[in-house]
Protein chains: 4
Amino acid sequence: MRAMKRIKTAIVGASGYSGMELLRLLLGHPGVELVAVTSRQEAGKALAEVFPRFCKAPGSELAFMAPDPDEIAATGAQVAFLALPHGVAAEIARALLERGLRVIDLSADFRLNDAAVYQEFYCHAHPAPDLLTEAVYGLPEIRAEEITAARLVASPGCYPTSVLLPLLPLLREKLIDTTSIVANSMSGVSGAGRKADVSLLFCECNESARAYGVPKHRHLSEIEQELSLAAGETVVISFIPHLIPVNAGIATTTTARLREGVSPDAIGAALEKAYAGEPFVRLLGKGGCADTKNVTRTNFIDIGWHHDPRTGRVILTSAEDNLGKGAGGQAVQSFNLMFGFSATDGLQNF
Amino acid sequence: MRAMKRIKTAIVGASGYSGMELLRLLLGHPGVELVAVTSRQEAGKALAEVFPRFCKAPGSELAFMAPDPDEIAATGAQVAFLALPHGVAAEIARALLERGLRVIDLSADFRLNDAAVYQEFYCHAHPAPDLLTEAVYGLPEIRAEEITAARLVASPGCYPTSVLLPLLPLLREKLIDTTSIVANSMSGVSGAGRKADVSLLFCECNESARAYGVPKHRHLSEIEQELSLAAGETVVISFIPHLIPVNAGIATTTTARLREGVSPDAIGAALEKAYAGEPFVRLLGKGGCADTKNVTRTNFIDIGWHHDPRTGRVILTSAEDNLGKGAGGQAVQSFNLMFGFSATDGLQNF
Amino acid sequence: MRAMKRIKTAIVGASGYSGMELLRLLLGHPGVELVAVTSRQEAGKALAEVFPRFCKAPGSELAFMAPDPDEIAATGAQVAFLALPHGVAAEIARALLERGLRVIDLSADFRLNDAAVYQEFYCHAHPAPDLLTEAVYGLPEIRAEEITAARLVASPGCYPTSVLLPLLPLLREKLIDTTSIVANSMSGVSGAGRKADVSLLFCECNESARAYGVPKHRHLSEIEQELSLAAGETVVISFIPHLIPVNAGIATTTTARLREGVSPDAIGAALEKAYAGEPFVRLLGKGGCADTKNVTRTNFIDIGWHHDPRTGRVILTSAEDNLGKGAGGQAVQSFNLMFGFSATDGLQNF
Amino acid sequence: MRAMKRIKTAIVGASGYSGMELLRLLLGHPGVELVAVTSRQEAGKALAEVFPRFCKAPGSELAFMAPDPDEIAATGAQVAFLALPHGVAAEIARALLERGLRVIDLSADFRLNDAAVYQEFYCHAHPAPDLLTEAVYGLPEIRAEEITAARLVASPGCYPTSVLLPLLPLLREKLIDTTSIVANSMSGVSGAGRKADVSLLFCECNESARAYGVPKHRHLSEIEQELSLAAGETVVISFIPHLIPVNAGIATTTTARLREGVSPDAIGAALEKAYAGEPFVRLLGKGGCADTKNVTRTNFIDIGWHHDPRTGRVILTSAEDNLGKGAGGQAVQSFNLMFGFSATDGLQNF
């Protein structure tokens, strides 16, 4: 085991569920020195007071501070993770970039290349359109090189990650009919955030399963952007998210028709070619069905596939932790690339 | 409130979850006198000993008996509900029919018209192919008249009910492209039965979501049979069941492409036309999303729909209790038809 | 089945979980005509809009109205159930009593005989001390006669019911040492109410078990009042409530030392003597352990007991639905007494 | 970070929930080289096939082998963790000790000093009474020195750990009346093991809370042994375990009367004195209530306390992960002592 440099790191907006997962990961990361955690509403409180879970974790003596860019910069932070609502992240991202920090943003603010699409899906003008070209959509399995050099990483959403990783290789190799894609996702309740809302109460979610956000969930915009880039043509899909009573985890089932003449075996081959060397993608092979219980609290995404000769469709199942590979873990993956750490540093938890 | 005749009724195979729900419903049905409940393994035990929940329910002093057709007939039973595994139900159904009882079978044994399809999906020869033509596929919203007169009702499965009811009107009116149908269902764990199996343990299902039975779940055979009958052509679909950590409830999301020239409004109109007068179908209208928590322990199925102009697809969401409308409740609905009761007798629980 | 008179009935404060359970029960009660349901925040909305679960239930076409005593009285209501927060119920109770209605209050406002104890435990002056002598603490198994004649019933809390019913017979017969009583309760999350509060979010309660309200939970005041009345001496106990991740249900385990010379068999005898004829108390006998899953959505309370010769203690376990026997069901039990219905009318659901 | 020696380690009986947690911890322990994992029923299968969760974890390429002592010894293993049922562990423990391995046994086989007590509570003769004097009851906070030198550690049960750690300091300092102790515990379902048993099915445990094992649960024997040793007198207590629907976690609430003349503040002082320097005990102080959600998947035990002047009782709440501090984590704590690692090596996960 080598002695490791420690990067001075800030988490901005650390009192929600994504922030909590970032805390869990970064407190345990051997290459991280946590120098600032911010929360407007918890400012002044010790980290362990807000999250008793982290009491006695080395580093947990830190106190929450208000999200002031100058004060964050004054801690010497070299990088900031932003776990803020969309629309709020952009402004502080700009301020931190101006102060010389690199930024890994977990919100949706920098995920789209096109401010008009942002306006269409988020229903307000983009708060910082000039930064969109610079931002890198941070799927490490797809854009490792750009992430390594990035000043501003837009870390993908939880649904998009679970939909994109199984599909991208198939689109790149033109194996499936791009008009035939239907993705159904089931998400744990933490994906809806840590906000006082009657619809998120225990008794409203327990013993319940329901679709929502149909037919045009906000995440659809980044999903289609990335699918289209991979396919080399405009891809429009059906995406139906559902809420189920688990704390964490997303299971996604995607169906699409094979293009004429394509052998089903090409599916497995494309997935292997794309991900065989990837430390956080586990291919379950033909006939495998991904289960969220195998990935919760990890940075893994599990992917299995089936072919149905009766319908000519391929069925892709994927599972990830919405807070892990779908949020905090993936952001740490980018961090490792950006600061020269091994891919699995700080992410070896099971 | 009228004085009600009481039909002497047997439940054969009453120790599983469907049997338990039948018990719950029939113990409270004003037109039922429960005269026999059978269970090979619980024979001799009082009903309330096996199901403490029913202790002090009027009628719960009954004891389980072995499933002997002569002894069942000797109780004077006029009708028997069978809640047995497929392959086992057929034989006892025949014996009871021969002894003059009418039979409502909750297994898959009589749901298919074609013994060859049974063999294909259930992997063994059909145990009573001669009875297949007589048996009525018991969807009361579709075949009330035939059920009313039936000696042998094959009560539909839980998945099929949730997939069929939203789709049948659209197929009958030729509104959707029959090759474009994809149905994703999420089921509570009771759907897998009450059997000692490690994969059904609390810790294996809690905090888990997973697809299974892909790509050719057994229920697909009856789904496609009924869809084809409604469409007047062979319909082949993709159906992907999932297990989620709730006791009961099925939520199904079905997508299909509108046929060219069909107005989206035709969807709502077709559903209204089919179900406006039905006591157990609740139409949530355009934009409604069905939630299992509104239907558990009832005989309702909730159906909502959306149209996505971007993809040309309609999105149907449906929710039912897999043990209610998906099993016991639906069987009681047939019973009410067969014995001249009101549709909602014994099913007015919320 | 007899033709049943129908009592015009109001529910005041029907948008919380207790109100929802009252709705469920009263919509199905053959002797109830629901004429008014109130909710300040839902006023104007149809009942089925707020609770989609009740859509198509006969009577569910009613709309919520504001809780105005004159308007409630104008509906002809003969009785009102109040499911309001403590401190709020007293005022409207008085107004309704003045307008000639009988009142069944599910809040804590009229449960204590002594306004000073109210002040001690609820930390504000009692809002209607003059009504305290008139109000009847509505445990039907203990005070059926007084309830029958009452104008104002204070329906007991969920914790008190689960603690009192097992203990009262033992205290009346002086079987246990009154200084040795320790009661531990585990409650479903619905007991905490339907309010937007971060601590009640799904992800804060799921996979969590925790004590709270220690050492002086508000319900302790009514528990000790009733225990003392039964014992004929002041009884002070330890009571520790816990929150566990179930929607509904309370399981209570109570330990107490047998008095010197008392035979353990006297415990079973006292319980039998008190409850053998009671329709909603199910005695599990010596060695029985109550399980909430057998009582949810019913008005039953299950009670089992053990004797431990090593410690000289008796161990009582009880289980009820906190919204059923612990709230709505018990209130309906009082209603049945007050208006001359059979004990089980409207409460025969399992 | 120092280069760490690696101890060749075996896990015997690695296919249950405790075995799975040991796997999780030891795969991530920088001082462990896993050389053997055994399971009679999974022999021959790869670790990741049985536990897909561990796929791609470094070390997970290992295959299960049969539990043959010679073959285990042939791997060069220096230490074996035993996660076997009681009665089965003793024999293999002896065989491994004879082959020069040190043994950390997670079963109940070596926890009692007295074979007669074992016979009383486990209902069969002790399988290896001669080893009882050598075995060290492995509570690291209490017996670090003996554990460090031990050949055979009997790692404490999950319930005992949660009951003992709060009580031992109070008994050692004679602060509480030893005849007044009542402990109520709520346990996650994983505590019941990974066995195909109808009572452990999802639908039997979900939405359920129940006491069991009353009044003389097997773990009571080791609890009273250790309490008596600390008190210097025989201590007999009431202990009531409950099953609640969470995967993991134990919350224990213990009440006891303060001895006459003892100041309540002595409670906090005794806890501080005992545990202030302990890395895995987190004292929540007076008024703190332990919550299982803060300790799951960690080796922490949280302890809070209250004093109730009305009853003269102290109320202790404790929370731990039944598979962590209550099983696998605690065993690793002993391992760290036995092989000279830092207390927190391999246990820094949150």
# chains A, B, ... in the order shown; residues from 1 in each chain; ligands from 1
>>> residues_around(residues="Glu173 in chain D", least_positions_apart="6", cutoff="10 Å", atoms="only C-alpha atoms", output="PyMOL selection string")
chain D and resi 230-231+266-267+270
>>> write_last_selection(atoms="C-alpha atoms", output="PDB file, in the first residue's frame")
ATOM      1  CA  ALA D 230     -19.523  -8.257  36.315  1.00  0.00           C
ATOM      2  CA  ALA D 231     -21.839  -7.933  39.298  1.00  0.00           C
ATOM      3  CA  ALA D 266     -23.271   7.982  37.951  1.00  0.00           C
ATOM      4  CA  ILE D 267     -24.794   6.176  34.958  1.00  0.00           C
ATOM      5  CA  ALA D 270     -19.761   4.757  34.382  1.00  0.00           C
TER       6      ALA D 270
END
>>> select_by_dssp(residues="range 22-177 of chain C", states="alpha helix (DSSP H)", output="tab-separated table (two decimals) with N, CA, C and O atoms, in the first residue's frame")
chain	number	residue	atom	x	y	z
C	22	LEU	N	-61.23	5.84	9.77
C	22	LEU	CA	-62.64	6.08	10.09
C	22	LEU	C	-63.48	6.07	8.81
C	22	LEU	O	-64.56	5.46	8.77
C	23	LEU	N	-62.99	6.73	7.79
C	23	LEU	CA	-63.69	6.73	6.50
C	23	LEU	C	-63.90	5.31	6.00
C	23	LEU	O	-65.00	4.92	5.59
C	24	ARG	N	-62.83	4.54	6.02
C	24	ARG	CA	-62.91	3.15	5.54
C	24	ARG	C	-63.99	2.39	6.30
C	24	ARG	O	-64.81	1.68	5.70
C	25	LEU	N	-64.00	2.57	7.61
C	25	LEU	CA	-64.95	1.81	8.42
C	25	LEU	C	-66.37	2.34	8.26
C	25	LEU	O	-67.33	1.57	8.12
C	26	LEU	N	-66.53	3.65	8.27
C	26	LEU	CA	-67.89	4.21	8.25
C	26	LEU	C	-68.52	4.12	6.87
C	26	LEU	O	-69.74	3.95	6.75
C	27	LEU	N	-67.70	4.18	5.82
C	27	LEU	CA	-68.26	3.97	4.47
C	27	LEU	C	-68.85	2.57	4.35
C	27	LEU	O	-69.81	2.34	3.61
C	47	LEU	N	-63.94	13.43	-1.77
C	47	LEU	CA	-63.29	12.44	-0.91
C	47	LEU	C	-62.36	11.52	-1.71
C	47	LEU	O	-61.23	11.24	-1.29
C	48	ALA	N	-62.82	11.08	-2.87
C	48	ALA	CA	-62.01	10.13	-3.65
C	48	ALA	C	-60.81	10.79	-4.31
C	48	ALA	O	-59.88	10.11	-4.73
C	49	GLU	N	-60.83	12.13	-4.36
C	49	GLU	CA	-59.67	12.82	-4.91
C	49	GLU	C	-58.53	12.80	-3.89
C	49	GLU	O	-57.36	12.61	-4.23
C	50	VAL	N	-58.88	13.00	-2.64
C	50	VAL	CA	-57.88	13.00	-1.58
C	50	VAL	C	-57.45	11.56	-1.26
C	50	VAL	O	-56.27	11.28	-1.03
C	69	PRO	N	-68.90	24.34	12.76
C	69	PRO	CA	-69.90	23.63	13.57
C	69	PRO	C	-71.32	23.84	13.05
C	69	PRO	O	-72.11	22.89	13.04
C	70	ASP	N	-71.63	25.04	12.63
C	70	ASP	CA	-72.99	25.27	12.14
C	70	ASP	C	-73.26	24.48	10.86
C	70	ASP	O	-74.34	23.89	10.71
C	71	GLU	N	-72.30	24.49	9.98
C	71	GLU	CA	-72.52	23.75	8.74
C	71	GLU	C	-72.58	22.25	8.99
C	71	GLU	O	-73.32	21.52	8.32
C	72	ILE	N	-71.78	21.78	9.93
C	72	ILE	CA	-71.85	20.35	10.26
C	72	ILE	C	-73.24	20.04	10.81
C	72	ILE	O	-73.89	19.07	10.40
C	73	ALA	N	-73.69	20.87	11.74
C	73	ALA	CA	-75.01	20.64	12.34
C	73	ALA	C	-76.10	20.71	11.28
C	73	ALA	O	-77.09	19.96	11.33
C	74	ALA	N	-75.91	21.60	10.31
C	74	ALA	CA	-76.93	21.77	9.27
C	74	ALA	C	-77.10	20.53	8.39
C	74	ALA	O	-78.11	20.36	7.71
C	89	ALA	N	-59.27	19.74	19.25
C	89	ALA	CA	-60.54	19.02	19.29
C	89	ALA	C	-61.52	19.62	20.30
C	89	ALA	O	-62.73	19.67	20.06
C	90	ALA	N	-61.00	20.09	21.43
C	90	ALA	CA	-61.87	20.50	22.54
C	90	ALA	C	-62.89	21.55	22.11
C	90	ALA	O	-64.08	21.45	22.39
C	91	GLU	N	-62.41	22.54	21.42
C	91	GLU	CA	-63.27	23.66	21.06
C	91	GLU	C	-64.41	23.22	20.16
C	91	GLU	O	-65.59	23.55	20.38
C	92	ILE	N	-64.08	22.45	19.12
C	92	ILE	CA	-65.12	22.04	18.20
C	92	ILE	C	-66.05	21.01	18.85
C	92	ILE	O	-67.24	20.96	18.57
C	93	ALA	N	-65.50	20.22	19.77
C	93	ALA	CA	-66.34	19.28	20.51
C	93	ALA	C	-67.43	20.05	21.26
C	93	ALA	O	-68.61	19.70	21.20
C	94	ARG	N	-67.01	21.08	21.96
C	94	ARG	CA	-67.98	21.88	22.71
C	94	ARG	C	-69.06	22.45	21.78
C	94	ARG	O	-70.26	22.36	22.06
C	95	ALA	N	-68.61	22.99	20.66
C	95	ALA	CA	-69.57	23.60	19.73
C	95	ALA	C	-70.56	22.58	19.20
C	95	ALA	O	-71.76	22.86	19.04
C	96	LEU	N	-70.10	21.39	18.93
C	96	LEU	CA	-70.99	20.36	18.39
C	96	LEU	C	-71.93	19.84	19.46
C	96	LEU	O	-73.12	19.58	19.20
C	97	LEU	N	-71.42	19.68	20.66
C	97	LEU	CA	-72.28	19.26	21.77
C	97	LEU	C	-73.41	20.28	21.96
C	97	LEU	O	-74.58	19.93	22.14
C	98	GLU	N	-73.04	21.54	21.92
C	98	GLU	CA	-74.04	22.60	22.08
C	98	GLU	C	-75.11	22.55	20.99
C	98	GLU	O	-76.24	22.98	21.18
C	115	ALA	N	-57.40	18.15	34.89
C	115	ALA	CA	-56.80	19.16	34.02
C	115	ALA	C	-55.34	19.44	34.37
C	115	ALA	O	-54.54	19.82	33.52
C	116	ALA	N	-54.99	19.22	35.61
C	116	ALA	CA	-53.60	19.47	36.01
C	116	ALA	C	-52.66	18.44	35.40
C	116	ALA	O	-51.53	18.75	35.01
C	117	VAL	N	-53.12	17.20	35.33
C	117	VAL	CA	-52.29	16.17	34.68
C	117	VAL	C	-52.16	16.49	33.19
C	117	VAL	O	-51.10	16.33	32.59
C	118	TYR	N	-53.26	16.96	32.60
C	118	TYR	CA	-53.21	17.38	31.19
C	118	TYR	C	-52.12	18.44	31.01
C	118	TYR	O	-51.28	18.35	30.13
C	119	GLN	N	-52.15	19.43	31.85
C	119	GLN	CA	-51.16	20.50	31.76
C	119	GLN	C	-49.74	19.95	31.91
C	119	GLN	O	-48.83	20.35	31.18
C	120	GLU	N	-49.56	19.03	32.84
C	120	GLU	CA	-48.22	18.47	33.07
C	120	GLU	C	-47.71	17.73	31.82
C	120	GLU	O	-46.56	17.87	31.43
C	121	PHE	N	-48.59	16.96	31.19
C	121	PHE	CA	-48.12	16.11	30.09
C	121	PHE	C	-48.21	16.79	28.72
C	121	PHE	O	-47.47	16.45	27.82
C	122	TYR	N	-49.16	17.72	28.57
C	122	TYR	CA	-49.32	18.35	27.25
C	122	TYR	C	-48.79	19.78	27.22
C	122	TYR	O	-48.82	20.45	26.20
C	140	PRO	N	-64.49	0.16	25.45
C	140	PRO	CA	-65.76	-0.56	25.51
C	140	PRO	C	-65.71	-1.82	26.36
C	140	PRO	O	-66.72	-2.20	26.95
C	141	GLU	N	-64.55	-2.46	26.44
C	141	GLU	CA	-64.46	-3.67	27.24
C	141	GLU	C	-64.53	-3.36	28.73
C	141	GLU	O	-64.76	-4.27	29.56
C	142	ILE	N	-64.35	-2.11	29.09
C	142	ILE	CA	-64.29	-1.72	30.51
C	142	ILE	C	-65.50	-0.89	30.91
C	142	ILE	O	-65.97	-0.97	32.05
C	143	ARG	N	-66.01	-0.06	30.02
C	143	ARG	CA	-67.05	0.91	30.39
C	143	ARG	C	-68.21	0.93	29.41
C	143	ARG	O	-68.69	2.00	29.03
C	144	ALA	N	-68.68	-0.23	29.02
C	144	ALA	CA	-69.72	-0.30	28.00
C	144	ALA	C	-70.96	0.51	28.43
C	144	ALA	O	-71.53	1.25	27.61
C	145	GLU	N	-71.32	0.40	29.65
C	145	GLU	CA	-72.56	1.04	30.10
C	145	GLU	C	-72.45	2.57	30.02
C	145	GLU	O	-73.35	3.24	29.50
C	146	GLU	N	-71.36	3.10	30.52
C	146	GLU	CA	-71.19	4.55	30.47
C	146	GLU	C	-71.10	5.07	29.04
C	146	GLU	O	-71.60	6.14	28.73
C	147	ILE	N	-70.43	4.29	28.20
C	147	ILE	CA	-70.31	4.72	26.80
C	147	ILE	C	-71.69	4.77	26.15
C	147	ILE	O	-72.02	5.70	25.41
C	148	THR	N	-72.50	3.76	26.43
C	148	THR	CA	-73.83	3.68	25.83
C	148	THR	C	-74.62	4.96	26.08
C	148	THR	O	-75.34	5.45	25.20
C	149	ALA	N	-74.47	5.52	27.25
C	149	ALA	CA	-75.23	6.70	27.63
C	149	ALA	C	-74.51	8.01	27.36
C	149	ALA	O	-75.08	9.09	27.54
C	158	CYS	N	-53.75	4.77	20.95
C	158	CYS	CA	-53.34	3.45	20.45
C	158	CYS	C	-52.42	2.75	21.44
C	158	CYS	O	-52.62	1.58	21.76
C	159	TYR	N	-51.40	3.47	21.95
C	159	TYR	CA	-50.54	2.83	22.95
C	159	TYR	C	-51.33	2.43	24.19
C	159	TYR	O	-51.23	1.30	24.66
C	160	PRO	N	-52.14	3.37	24.77
C	160	PRO	CA	-52.87	3.00	25.98
C	160	PRO	C	-53.71	1.74	25.81
C	160	PRO	O	-53.72	0.87	26.68
C	161	THR	N	-54.42	1.62	24.69
C	161	THR	CA	-55.26	0.44	24.51
C	161	THR	C	-54.44	-0.84	24.61
C	161	THR	O	-54.83	-1.81	25.27
C	162	SER	N	-53.26	-0.82	23.96
C	162	SER	CA	-52.45	-2.04	23.93
C	162	SER	C	-51.82	-2.35	25.27
C	162	SER	O	-51.49	-3.50	25.57
C	163	VAL	N	-51.62	-1.32	26.10
C	163	VAL	CA	-51.05	-1.54	27.42
C	163	VAL	C	-52.14	-1.87	28.44
C	163	VAL	O	-51.98	-2.74	29.30
C	164	LEU	N	-53.28	-1.18	28.32
C	164	LEU	CA	-54.32	-1.31	29.35
C	164	LEU	C	-55.04	-2.65	29.30
C	164	LEU	O	-55.26	-3.28	30.36
C	165	LEU	N	-55.45	-3.07	28.14
C	165	LEU	CA	-56.31	-4.26	28.11
C	165	LEU	C	-55.65	-5.49	28.74
C	165	LEU	O	-56.32	-6.21	29.50
C	166	PRO	N	-54.37	-5.75	28.48
C	166	PRO	CA	-53.79	-6.90	29.19
C	166	PRO	C	-53.63	-6.68	30.69
C	166	PRO	O	-53.75	-7.63	31.46
C	167	LEU	N	-53.39	-5.44	31.11
C	167	LEU	CA	-53.05	-5.22	32.52
C	167	LEU	C	-54.26	-5.04	33.43
C	167	LEU	O	-54.22	-5.43	34.61
C	168	LEU	N	-55.32	-4.41	32.94
C	168	LEU	CA	-56.42	-4.03	33.83
C	168	LEU	C	-56.98	-5.20	34.65
C	168	LEU	O	-57.14	-5.07	35.87
C	169	PRO	N	-57.23	-6.37	34.03
C	169	PRO	CA	-57.78	-7.46	34.85
C	169	PRO	C	-56.82	-7.91	35.95
C	169	PRO	O	-57.24	-8.27	37.05
C	170	LEU	N	-55.50	-7.86	35.65
C	170	LEU	CA	-54.53	-8.29	36.65
C	170	LEU	C	-54.46	-7.32	37.81
C	170	LEU	O	-54.24	-7.71	38.97
C	171	LEU	N	-54.67	-6.05	37.52
C	171	LEU	CA	-54.65	-5.05	38.60
C	171	LEU	C	-55.93	-5.11	39.42
C	171	LEU	O	-55.89	-5.00	40.65
C	172	ARG	N	-57.04	-5.26	38.72
C	172	ARG	CA	-58.31	-5.34	39.45
C	172	ARG	C	-58.29	-6.49	40.44
C	172	ARG	O	-58.84	-6.39	41.53
>>> residues_around(residues="range 35-40 of chain D", least_positions_apart="5", cutoff="6 Å", atoms="only C-alpha atoms", output="list of chain:residue names")
D:Lys8, D:Thr9, D:Ala10, D:Ile11, D:Val12, D:Gly13, D:Ala14, D:Phe64, D:Met65, D:Ala66, D:Pro67
>>> interface_residues(of="chain D", to="chain C", cutoff="7 Å", atoms="only C-alpha atoms", output="list of chain:residue names")
D:Glu207, D:Ser208, D:Ala209, D:Arg210, D:Ala211, D:Tyr212, D:Pro215, D:Val236, D:Ile237, D:Ser238, D:Pro245, D:Val246, D:Asn247, D:Ala251, D:Cys289, D:Ala290, D:Asp291, D:Thr292, D:Lys293, D:His306, D:Asp308, D:Thr311
>>> write_last_selection(atoms="N, CA, C and O atoms", output="compact mmCIF listing (two decimals), in the first residue's frame")
# COMPACT_ATOMS: atom_id res chain seq x y z
N GLU D 207 -44.54 -6.22 7.46
CA GLU D 207 -45.75 -5.73 8.12
C GLU D 207 -46.11 -6.59 9.33
O GLU D 207 -47.29 -6.86 9.59
N SER D 208 -45.10 -7.05 10.05
CA SER D 208 -45.30 -7.89 11.23
C SER D 208 -44.34 -7.47 12.33
O SER D 208 -43.21 -7.04 12.06
N ALA D 209 -44.77 -7.55 13.57
CA ALA D 209 -43.87 -7.39 14.73
C ALA D 209 -44.34 -8.38 15.79
O ALA D 209 -45.53 -8.45 16.07
N ARG D 210 -43.40 -9.15 16.33
CA ARG D 210 -43.81 -10.19 17.26
C ARG D 210 -42.70 -10.57 18.22
O ARG D 210 -41.53 -10.62 17.84
N ALA D 211 -43.08 -10.84 19.45
CA ALA D 211 -42.16 -11.42 20.41
C ALA D 211 -42.01 -12.91 20.11
O ALA D 211 -42.88 -13.52 19.49
N TYR D 212 -40.91 -13.50 20.53
CA TYR D 212 -40.73 -14.95 20.38
C TYR D 212 -39.69 -15.39 21.40
O TYR D 212 -39.04 -14.57 22.04
N PRO D 215 -40.08 -17.48 27.71
CA PRO D 215 -39.30 -16.51 28.48
C PRO D 215 -37.84 -16.88 28.58
O PRO D 215 -37.11 -16.26 29.35
N VAL D 236 -30.21 -12.61 37.46
CA VAL D 236 -31.25 -13.24 36.64
C VAL D 236 -32.12 -12.12 36.08
O VAL D 236 -32.56 -11.24 36.84
N ILE D 237 -32.32 -12.12 34.77
CA ILE D 237 -33.07 -11.01 34.16
C ILE D 237 -34.22 -11.52 33.29
O ILE D 237 -34.30 -12.70 32.98
N SER D 238 -35.10 -10.60 32.93
CA SER D 238 -36.09 -10.88 31.90
C SER D 238 -35.56 -10.37 30.58
O SER D 238 -35.09 -9.23 30.49
N PRO D 245 -39.52 -6.19 10.78
CA PRO D 245 -39.20 -6.29 9.36
C PRO D 245 -38.10 -5.35 8.88
O PRO D 245 -38.35 -4.40 8.14
N VAL D 246 -36.89 -5.61 9.32
CA VAL D 246 -35.71 -4.98 8.75
C VAL D 246 -34.73 -6.10 8.43
O VAL D 246 -34.78 -7.16 9.04
N ASN D 247 -33.86 -5.86 7.48
CA ASN D 247 -32.87 -6.89 7.16
C ASN D 247 -31.91 -7.10 8.31
O ASN D 247 -31.63 -8.22 8.69
N ALA D 251 -32.16 -3.33 18.07
CA ALA D 251 -32.34 -2.23 19.03
C ALA D 251 -32.77 -2.86 20.34
O ALA D 251 -33.71 -3.65 20.36
N CYS D 289 -31.30 8.48 22.10
CA CYS D 289 -31.97 7.21 21.78
C CYS D 289 -31.27 6.59 20.58
O CYS D 289 -31.20 7.19 19.52
N ALA D 290 -30.80 5.37 20.75
CA ALA D 290 -30.09 4.70 19.67
C ALA D 290 -31.06 4.28 18.57
O ALA D 290 -32.18 3.88 18.84
N ASP D 291 -30.59 4.37 17.32
CA ASP D 291 -31.41 4.04 16.15
C ASP D 291 -30.59 3.07 15.28
O ASP D 291 -29.45 3.37 14.93
N THR D 292 -31.19 1.95 14.92
CA THR D 292 -30.42 0.96 14.15
C THR D 292 -29.93 1.53 12.83
O THR D 292 -28.91 1.10 12.31
N LYS D 293 -30.63 2.51 12.27
CA LYS D 293 -30.22 2.95 10.93
C LYS D 293 -28.86 3.66 10.94
O LYS D 293 -28.27 3.82 9.88
N HIS D 306 -31.48 7.31 29.71
CA HIS D 306 -32.39 8.24 30.36
C HIS D 306 -32.54 7.84 31.81
O HIS D 306 -32.38 6.66 32.16
N ASP D 308 -35.54 8.13 34.81
CA ASP D 308 -36.94 8.48 35.05
C ASP D 308 -37.16 8.61 36.56
O ASP D 308 -37.30 7.61 37.26
N THR D 311 -40.10 6.68 38.40
CA THR D 311 -40.03 5.25 38.70
C THR D 311 -38.70 4.85 39.34
O THR D 311 -38.57 3.72 39.81
>>> select_by_dssp(residues="range 144-346 of chain B", states="strand (DSSP E or B)", output="ChimeraX atom specification")
/B:152-154,176,182-187,201,210-211,238-243,250-258,281-286,291,301-308,313-320
